[in-house]
Amino acid sequence: MSESGPGNPFEGVPFLGDLAKMLQSSGPVSWDAAKQFAMQVATDGGSEPNPDPIERIKFEELARIADLHVANVTGLATSTSGRIVTVLPVTRGEWARRTLDAWRPLLERLSTSLTAAGTAGQGEPGDDPLTSLLQGFSAAFGPLLFGMQAGAMVGHLATRTLGQYDLPIPRPASDELLVVGANIDAFGEEWSLPIDDLRLWICLSELTTHAVLGVPHVRRRLDELLLEYVGGFSVDPAALESRLGEVDPTDPQALQRALGDPAALLGAIQSPAQQTQLPRIEALVATIVGYVDWVMDTVGTTLIGSYGMLTEALRRRRVEAGEGDRFVGHLLGLEVGQRQYDRGEAFIAGVVERAGAEALTRLWADESDLPTQNDIDAPGLWLARIDLPD
């Protein structure tokens, strides 16, 4: 019989007790668990056919068309190296795997924050059974559970994402953009959309977002805000105890259900500091999505014959995300819903109305020009702050 060390809350539960000891030094995230769960959820446990080479060629052709128009309207470089950006169709599993790699710094910071939050300010082990459970769980079992949750989260996103910027999270610099062909085809069939027009729409949207996030100070600022947010969780022990209720720590299924409900736990551990950070994140994200929509409307209406029909379907889709999608955004500080899109649209329209479309180039000219939480609802205030006439 294995012996449980001090602070192990799973003594007497052989599988969990042994596993907890195995994971004592696994780091903030069990990446093996994350990848396995991501693949399982993304593929529903099955195999996926590789993307059709003809589909890849079609996306390459459409990406070149989109690249020229985005660069012409925005004045921004779409490439980080000077070469042409490649839009690459991948399977759901491949998208999940690459996304885990791309989001690794963010997810590790989040895991570290949650683990620290689970053990901070709860008194000495043994003071209370729930306190002892949470402390031991966070230290011993947290990396595995977080890896499972991160993998399931990214795997879920892979089942419905069309490109890599459904959530505008910066990725490592690259001239390769990922799209999920199976999801694009399924969405096109569901809405009876012309498939080549749909692919071009997605290329335009992804390339525009990529160009904005490719501006070094924009990428840096959003990275800083998101890392600061996910690193800011704290624990309210009383709220946690209330939410967890009467959990039998010797019942693995009950424990997994309770601690595997991140939406319930998040409300208990979101700190006041994070609440003050959210408006800053929202102001920047609203500016980005509002600008992308403006570029899409400027280019798409003349380039894509079915642009109106496509836009209605795709913009409805993005604000009708399921609970899982909303939770991911909430967890990472990126709650991109109708309110954020409306604020961004109104801000961009206000700037164009007052100072013309050329004023939009100032959005990305310098970090000090980025709209603040006060500017985003007052385009005239932003124009005055950057010394442009209203």
# chains A, B, ... in the order shown; residues from 1 in each chain; ligands from 1

$ residues_around --residues "A:Val154" --least-positions-apart "3" --cutoff "6 Å" --atoms "only C-alpha atoms" --output "number ranges by chain"
A: 38, 96, 151, 157

$ write_last_selection --atoms "N, CA and C atoms" --output "mmCIF file, in the first residue's frame"
data_model
loop_
_atom_site.group_PDB
_atom_site.id
_atom_site.type_symbol
_atom_site.label_atom_id
_atom_site.label_comp_id
_atom_site.auth_asym_id
_atom_site.auth_seq_id
_atom_site.Cartn_x
_atom_site.Cartn_y
_atom_site.Cartn_z
ATOM 1 N N ALA A 38 -7.292 17.631 -25.569
ATOM 2 C CA ALA A 38 -7.596 18.477 -26.718
ATOM 3 C C ALA A 38 -7.913 17.624 -27.942
ATOM 4 N N ALA A 96 -6.139 22.369 -32.651
ATOM 5 C CA ALA A 96 -6.070 22.311 -31.189
ATOM 6 C C ALA A 96 -4.629 22.180 -30.716
ATOM 7 N N GLY A 151 -6.956 21.465 -22.134
ATOM 8 C CA GLY A 151 -7.088 20.663 -23.343
ATOM 9 C C GLY A 151 -8.527 20.560 -23.806
ATOM 10 N N LEU A 157 -13.076 24.530 -28.597
ATOM 11 C CA LEU A 157 -12.982 25.619 -29.566
ATOM 12 C C LEU A 157 -12.701 25.093 -30.963
#

$ residues_around --residues "A:Ser368" --least-positions-apart "3" --cutoff "9 Å" --atoms "only C-alpha atoms" --output "PyMOL selection string"
chain A and resi 365+371+386

$ write_last_selection --atoms "N, CA and C atoms" --output "CSV table (one decimal), in the first residue's frame"
chain,number,residue,atom,x,y,z
A,365,ALA,N,-0.6,53.8,-34.9
A,365,ALA,CA,0.6,54.5,-35.2
A,365,ALA,C,1.6,54.4,-34.0
A,371,PRO,N,-6.8,53.7,-28.2
A,371,PRO,CA,-8.0,54.2,-27.4
A,371,PRO,C,-8.0,53.6,-26.0
A,386,ILE,N,-5.4,62.9,-29.5
A,386,ILE,CA,-4.2,62.7,-30.4
A,386,ILE,C,-4.0,63.9,-31.3

$ residues_around --residues "A:Leu200" --least-positions-apart "4" --cutoff "10 Å" --atoms "only C-alpha atoms" --output "PyMOL selection string"
chain A and resi 58-59+61-66+195-196+204-206+300+303-304+307

$ closest_residue --among "A:Gln36, A:Gln338, A:Asn374, A:Ala186" --to "A:Arg326" --atoms "only C-alpha atoms"
A:Gln338

$ residues_around --residues "A:Thr74" --least-positions-apart "2" --cutoff "12 Å" --atoms "only C-alpha atoms" --output "ChimeraX atom specification"
/A:66-72,76-78,204,207-212,215,291-292,294-296,298-299,357-365

$ atom_distance --atom1 "atom CA of A:Ser271" --atom2 "atom CA of A:Gly232"
6.5 Å

$ atom_distance --atom1 "atom CA of A:Arg171" --atom2 "atom CA of A:Ala116"
25.7 Å

$ closest_residue --among "A:Gly188, A:Ile202, A:Gly155, A:Asp366" --to "A:Arg220" --atoms "only C-alpha atoms"
A:Asp366

$ residues_around --residues "A:Asp32" --least-positions-apart "2" --cutoff "10 Å" --atoms "only C-alpha atoms" --output "PyMOL selection string"
chain A and resi 29-30+34-38+144+147-148+151

$ write_last_selection --atoms "C-alpha atoms" --output "PDB file, in the first residue's frame"
ATOM      1  CA  VAL A  29       0.426  22.455 -16.528  1.00  0.00           C
ATOM      2  CA  SER A  30       0.427  18.788 -17.454  1.00  0.00           C
ATOM      3  CA  ALA A  34      -3.739  18.904 -22.197  1.00  0.00           C
ATOM      4  CA  LYS A  35      -2.822  17.514 -25.610  1.00  0.00           C
ATOM      5  CA  GLN A  36      -4.601  14.218 -25.048  1.00  0.00           C
ATOM      6  CA  PHE A  37      -7.810  15.914 -23.929  1.00  0.00           C
ATOM      7  CA  ALA A  38      -7.596  18.477 -26.718  1.00  0.00           C
ATOM      8  CA  LEU A 144      -3.232  17.548 -14.181  1.00  0.00           C
ATOM      9  CA  GLY A 147      -4.099  20.366 -18.216  1.00  0.00           C
ATOM     10  CA  MET A 148      -7.318  18.405 -18.668  1.00  0.00           C
ATOM     11  CA  GLY A 151      -7.088  20.663 -23.343  1.00  0.00           C
TER      12      GLY A 151
END
